[in-house]
Amino acid sequence: MDTLNIARWQFGITTVYHFFFVPLTIGLAFVVAGFQTAWYRTKDERYLRLTKFFGKLFLINFAMGVVTGIVQEFQFGMNWSEYSRFVGDIFGAPLAIEGLLSFFLESTFIGLWIFGWDRLSPKLHLMTIWLAAIGTMISAYFILAANSFMQNPVGYTFNPDTGRVELTDIWAVLTNKVTLVTFPHTILSAFLTGGAMVLGVSLWQLFRYPNRDSSTFRTAAKFGSVVVLVSALGVAISGDRQAKVMTEVQPMKMAAAEAQYDTKSTAGFSIFTIGTLEGSDEVFSIRVPGLLSYLGKGSFDAEIEGVNDLQTAYEAKYGPGNYTPNVPLTYWSFRLMIGVGMSAALAAIWVLWAFKKGRMPKSRWCGRLALLLPLTPLLGNSFGWIFTEMGRQPWIVFGLMPTSAGVSPGVSTAEVLISLIGFTLVYGGLAIVEVKLLLKTIAAGLPDIPPEHDDSDTNDEERQLAFAY
């Protein structure tokens with residue numbers, strides 16, 4: 001393997017690993033805010049215990065996401081310095097805004113939420129978790145704006161003297177049509193992930209400890225099921241719109257996602273396709289007639305360009321070369337994204353049906369389902385990220401810079417390989433820590449709520465900050 005391939009593997013591993021924590025952090029932040037709002041409005045102790053229970057899971061995940069996210073910044077300078085030099089004027093702007101605005105917002109108000117339980121008024125304390133949750137959503141927007149420039153470059157001019165693209169319209173970058181459709185799809189996927197986590201954990205508690213806080217966890221399971229179902233519907237709707245924009249700006253990605261080798265006036269959606277080994281022709285397929293045309297352009301008889309015709313067009317436009325992504329990887333990651341991610345909705349429907357008339361889930365399948373539920377949206381998000389990035393290949397910035405031109409010229413193969421092995425080992429250790437902390441917290445169950453104490457005889461200056469857990 002050469003330096004380019006190892007650098008790509010390293011960036012892919014660190015990115016996918018980090019992205020495990022991003023949607024779960026966003027989703028759990030709003031779930032915790034929802035539980036605390038319910039407690040603030042009803043004063044029902046069940047919601048307070050759920051707030052602190054899932055709040056601790058949120059904090060563990062948030063901390064791990066911060067640690068792994070920092071590595072992403074170093075990746076650009078370590079292995080992709082040519083990319084950083086080429087696009088830094090544009091790519092750096094939304095990331096700088098994300099760091100200065102949204103990350104500070106998240107970290108500040110998460111700190112106030114952790115240590116403010118006994119020092120802030122209930123209303124003000126509730127506001128801190130909502131601001132932290134909104135901060136995670138704003139952070140996602142600016143990061144997606146930066147990534148969307150790689151998918152659909154806008155708001156720039158190329159300077160031939162420096163060999164760089166330079167920012168000319170920050171508003172165009174922030175309102176990129178790809179950003180506007182990707183953001184709601186990503187946020188709704190995060191809500192789906194958070195809801196599945198709540199549902200899975202609650203279901204496990206009901207199955208494993210049926211006599212411990214069963215009423216509270218039934219409430220949480222129903223809440224998680226509703227979040228999953230509503231989010232899944234939103235993901236499907238936003239995904240449909242995203243597919244149409246993708247067909248417009250990256251027709252090769254859509255063609256590869258469907259193994260559509262030849263242009264067709266009425267293109268069918270592939271249920272299953274077998275292609276030739278070199279990935280240039282279709283051998284066998286099962287398709288739903290007209291559905292791909294509708295998904296891509298909103299009409300059942302719309303023309304969808306094929307991989308081979310697009311390859312010819314790109315060669316004429318950009319010069320000789322292979323402009324086709326890895327079709328099998330793009331094809332199956334697209335299907336796994338949809339199938340695995342949306343399977344949580346079916347589980348949520350089953351749970352709501354199982355809870356009818358006060359019934360308790362006792363089947364051994366319930367325990368297995370509880371273990372799988374939090375993983376399905378996480379895997380769906382990861383496959384979606386892989387599809388998004390691999391379907392863009394061979395471009396690192398579509399139409400402007402091929403991936404092969406972005407790697408650092410002064411980094412040797414051995415150096416990249418050593419750092420790849422190092423990051424993989426460290427991330428493996430962090431995964432063990434993360435899972436153990438989550439399992440320990442889940443096994444402990446809901447925290448006890450101490451009785452309210454009278455502060456009339458206590459000097460406020462003598463009270464110490466105490467961690468909420």
# chains A, B, ... in the order shown; residues from 1 in each chain; ligands from 1

$ residues_around --residues "Thr14 of chain A" --least-positions-apart "4" --cutoff "9 Å" --atoms "only C-alpha atoms" --output "list in words"
Trp9, Gln10, His18, Phe19, Thr68, Gly69, Val71, Gln72, Gln75, Phe423, Thr424 and Tyr427 of chain A

$ closest_residue --among "A:Ser299, A:Ser238, A:Ser189, A:Ser107" --to "Ala344 of chain A" --atoms "only C-alpha atoms"
A:Ser189

$ closest_residue --among "A:Gly339, A:Gly391, A:Gly268, A:Gly195" --to "Ile286 of chain A" --atoms "only C-alpha atoms"
A:Gly268

$ residues_around --residues "Phe269 of chain A" --least-positions-apart "4" --cutoff "8 Å" --atoms "only C-alpha atoms" --output "count of residues only"
8

$ closest_residue --among "A:Ser333, A:Asn79, A:Ser231, A:Ser270" --to "Leu188 of chain A" --atoms "only C-alpha atoms"
A:Ser231

$ select_by_dssp --residues "segment 114-331 of chain A" --states "strand (DSSP E or B)" --output "list of chain:residue names"
A:Tyr156, A:Thr157, A:Phe158, A:Asn159, A:Arg164, A:Val165, A:Glu166, A:Leu167, A:Lys264, A:Phe269, A:Ser270, A:Ile271, A:Phe272, A:Thr273, A:Ile274, A:Gly275, A:Glu282, A:Val283, A:Phe284, A:Ser285, A:Ile286, A:Arg287, A:Val288, A:Ile304

$ residues_around --residues "Leu233 of chain A" --least-positions-apart "3" --cutoff "12 Å" --atoms "only C-alpha atoms" --output "ChimeraX atom specification"
/A:185,188-189,191-192,226-230,236-240,341-342,344-346

$ write_last_selection --atoms "C-alpha atoms" --output "PDB file, in the first residue's frame"
ATOM      1  CA  HIS A 185     -31.354  14.799   7.425  1.00  0.00           C
ATOM      2  CA  LEU A 188     -33.204  13.890  12.329  1.00  0.00           C
ATOM      3  CA  SER A 189     -30.840  10.906  12.133  1.00  0.00           C
ATOM      4  CA  PHE A 191     -32.771  12.237  17.026  1.00  0.00           C
ATOM      5  CA  LEU A 192     -33.384   8.720  15.708  1.00  0.00           C
ATOM      6  CA  VAL A 226     -42.258   7.944  19.704  1.00  0.00           C
ATOM      7  CA  VAL A 227     -38.990   9.800  19.085  1.00  0.00           C
ATOM      8  CA  VAL A 228     -37.748   6.950  16.887  1.00  0.00           C
ATOM      9  CA  LEU A 229     -40.946   6.800  14.804  1.00  0.00           C
ATOM     10  CA  VAL A 230     -41.241  10.564  14.280  1.00  0.00           C
ATOM     11  CA  ALA A 236     -37.218   9.370   5.047  1.00  0.00           C
ATOM     12  CA  ILE A 237     -38.704  12.689   3.894  1.00  0.00           C
ATOM     13  CA  SER A 238     -35.447  14.637   4.183  1.00  0.00           C
ATOM     14  CA  GLY A 239     -33.542  11.771   2.546  1.00  0.00           C
ATOM     15  CA  ASP A 240     -35.835  11.970  -0.476  1.00  0.00           C
ATOM     16  CA  GLY A 341     -30.817   2.720  10.120  1.00  0.00           C
ATOM     17  CA  MET A 342     -34.558   2.433   9.589  1.00  0.00           C
ATOM     18  CA  ALA A 344     -35.159   0.877  14.596  1.00  0.00           C
ATOM     19  CA  ALA A 345     -38.579   2.139  13.481  1.00  0.00           C
ATOM     20  CA  LEU A 346     -39.875  -1.428  13.134  1.00  0.00           C
TER      21      LEU A 346
END

$ select_by_dssp --residues "segment 203-406 of chain A" --states "helix (DSSP H, G or I)" --output "ChimeraX atom specification"
/A:203-208,214-249,251-257,291-297,307-318,327-354,356-358,364-372,375-390,403-405

$ closest_residue --among "A:Gln242, A:Ser343, A:Gln393, A:Gln36" --to "Trp130 of chain A" --atoms "only C-alpha atoms"
A:Gln36

$ residues_around --residues "Thr136 of chain A" --least-positions-apart "3" --cutoff "9 Å" --atoms "only C-alpha atoms" --output "list of chain:residue names"
A:Val22, A:Thr25, A:Ile26, A:Ala29, A:Ser102, A:Phe103, A:Leu105, A:Glu106, A:Leu131, A:Ala132, A:Ala133, A:Ser139, A:Ala140, A:Tyr141

$ write_last_selection --atoms "N, CA and C atoms" --output "short mmCIF file (atom, residue, chain, number, x, y, z; two decimals), in the first residue's frame"
data_model
loop_
_atom_site.label_atom_id
_atom_site.label_comp_id
_atom_site.auth_asym_id
_atom_site.auth_seq_id
_atom_site.Cartn_x
_atom_site.Cartn_y
_atom_site.Cartn_z
N VAL A 22 -21.05 11.58 17.49
CA VAL A 22 -21.70 12.83 17.11
C VAL A 22 -23.22 12.73 17.13
N THR A 25 -24.57 12.12 20.67
CA THR A 25 -24.46 13.31 21.51
C THR A 25 -25.59 14.29 21.23
N ILE A 26 -25.83 14.57 19.95
CA ILE A 26 -26.89 15.50 19.58
C ILE A 26 -28.25 14.97 20.03
N ALA A 29 -28.66 14.91 23.88
CA ALA A 29 -28.77 16.25 24.45
C ALA A 29 -30.22 16.73 24.45
N SER A 102 -20.25 27.65 18.48
CA SER A 102 -21.06 26.53 18.96
C SER A 102 -20.35 25.68 20.00
N PHE A 103 -19.04 25.40 19.81
CA PHE A 103 -18.36 24.56 20.79
C PHE A 103 -18.24 25.28 22.13
N LEU A 105 -20.34 27.44 23.19
CA LEU A 105 -21.71 27.43 23.71
C LEU A 105 -21.99 26.09 24.38
N GLU A 106 -21.64 25.00 23.72
CA GLU A 106 -21.85 23.67 24.29
C GLU A 106 -21.10 23.51 25.60
N LEU A 131 -29.64 25.22 25.87
CA LEU A 131 -28.62 25.95 25.13
C LEU A 131 -27.47 25.03 24.72
N ALA A 132 -27.12 24.10 25.59
CA ALA A 132 -26.09 23.12 25.24
C ALA A 132 -26.56 22.25 24.07
N ALA A 133 -27.82 21.83 24.10
CA ALA A 133 -28.36 21.01 23.02
C ALA A 133 -28.39 21.79 21.71
N SER A 139 -23.26 23.40 15.92
CA SER A 139 -21.97 22.82 15.58
C SER A 139 -22.08 21.93 14.35
N ALA A 140 -23.12 21.12 14.32
CA ALA A 140 -23.32 20.23 13.18
C ALA A 140 -23.52 21.02 11.89
N TYR A 141 -24.21 22.15 11.98
CA TYR A 141 -24.48 22.93 10.77
C TYR A 141 -23.19 23.43 10.13
#

$ closest_residue --among "A:Met254, A:Leu336, A:Leu438, A:Val165" --to "Gly55 of chain A" --atoms "only C-alpha atoms"
A:Leu438

$ atom_distance --atom1 "atom CA of Asn61 of chain A" --atom2 "atom CA of Ala431 of chain A"
10.7 Å

$ decode --residues "segment 99-110 of chain A" --atoms "N, CA and C atoms" --output "PDB file, in the first residue's frame"
ATOM      1  N   GLY A  99     -15.956  26.414  16.089  1.00  0.00           N
ATOM      2  CA  GLY A  99     -15.179  26.341  17.316  1.00  0.00           C
ATOM      3  C   GLY A  99     -15.440  27.523  18.238  1.00  0.00           C
ATOM      4  N   LEU A 100     -15.504  28.724  17.671  1.00  0.00           N
ATOM      5  CA  LEU A 100     -15.648  29.930  18.486  1.00  0.00           C
ATOM      6  C   LEU A 100     -17.071  30.127  18.996  1.00  0.00           C
ATOM      7  N   LEU A 101     -18.035  29.683  18.234  1.00  0.00           N
ATOM      8  CA  LEU A 101     -19.430  29.921  18.614  1.00  0.00           C
ATOM      9  C   LEU A 101     -20.072  28.699  19.258  1.00  0.00           C
ATOM     10  N   SER A 102     -20.251  27.653  18.483  1.00  0.00           N
ATOM     11  CA  SER A 102     -21.064  26.531  18.964  1.00  0.00           C
ATOM     12  C   SER A 102     -20.347  25.682  19.998  1.00  0.00           C
ATOM     13  N   PHE A 103     -19.041  25.401  19.807  1.00  0.00           N
ATOM     14  CA  PHE A 103     -18.357  24.559  20.790  1.00  0.00           C
ATOM     15  C   PHE A 103     -18.243  25.275  22.130  1.00  0.00           C
ATOM     16  N   PHE A 104     -17.955  26.576  22.112  1.00  0.00           N
ATOM     17  CA  PHE A 104     -17.923  27.333  23.368  1.00  0.00           C
ATOM     18  C   PHE A 104     -19.301  27.347  24.017  1.00  0.00           C
ATOM     19  N   LEU A 105     -20.339  27.444  23.188  1.00  0.00           N
ATOM     20  CA  LEU A 105     -21.706  27.425  23.712  1.00  0.00           C
ATOM     21  C   LEU A 105     -21.993  26.090  24.385  1.00  0.00           C
ATOM     22  N   GLU A 106     -21.639  25.003  23.716  1.00  0.00           N
ATOM     23  CA  GLU A 106     -21.848  23.675  24.285  1.00  0.00           C
ATOM     24  C   GLU A 106     -21.097  23.510  25.605  1.00  0.00           C
ATOM     25  N   SER A 107     -19.799  23.741  25.565  1.00  0.00           N
ATOM     26  CA  SER A 107     -18.969  23.458  26.734  1.00  0.00           C
ATOM     27  C   SER A 107     -19.322  24.349  27.916  1.00  0.00           C
ATOM     28  N   THR A 108     -19.623  25.614  27.658  1.00  0.00           N
ATOM     29  CA  THR A 108     -19.971  26.535  28.752  1.00  0.00           C
ATOM     30  C   THR A 108     -21.249  26.103  29.451  1.00  0.00           C
ATOM     31  N   PHE A 109     -22.280  25.840  28.673  1.00  0.00           N
ATOM     32  CA  PHE A 109     -23.569  25.541  29.293  1.00  0.00           C
ATOM     33  C   PHE A 109     -23.663  24.102  29.785  1.00  0.00           C
ATOM     34  N   ILE A 110     -22.866  23.193  29.225  1.00  0.00           N
ATOM     35  CA  ILE A 110     -22.803  21.863  29.815  1.00  0.00           C
ATOM     36  C   ILE A 110     -22.167  21.945  31.199  1.00  0.00           C
TER      37      ILE A 110
END
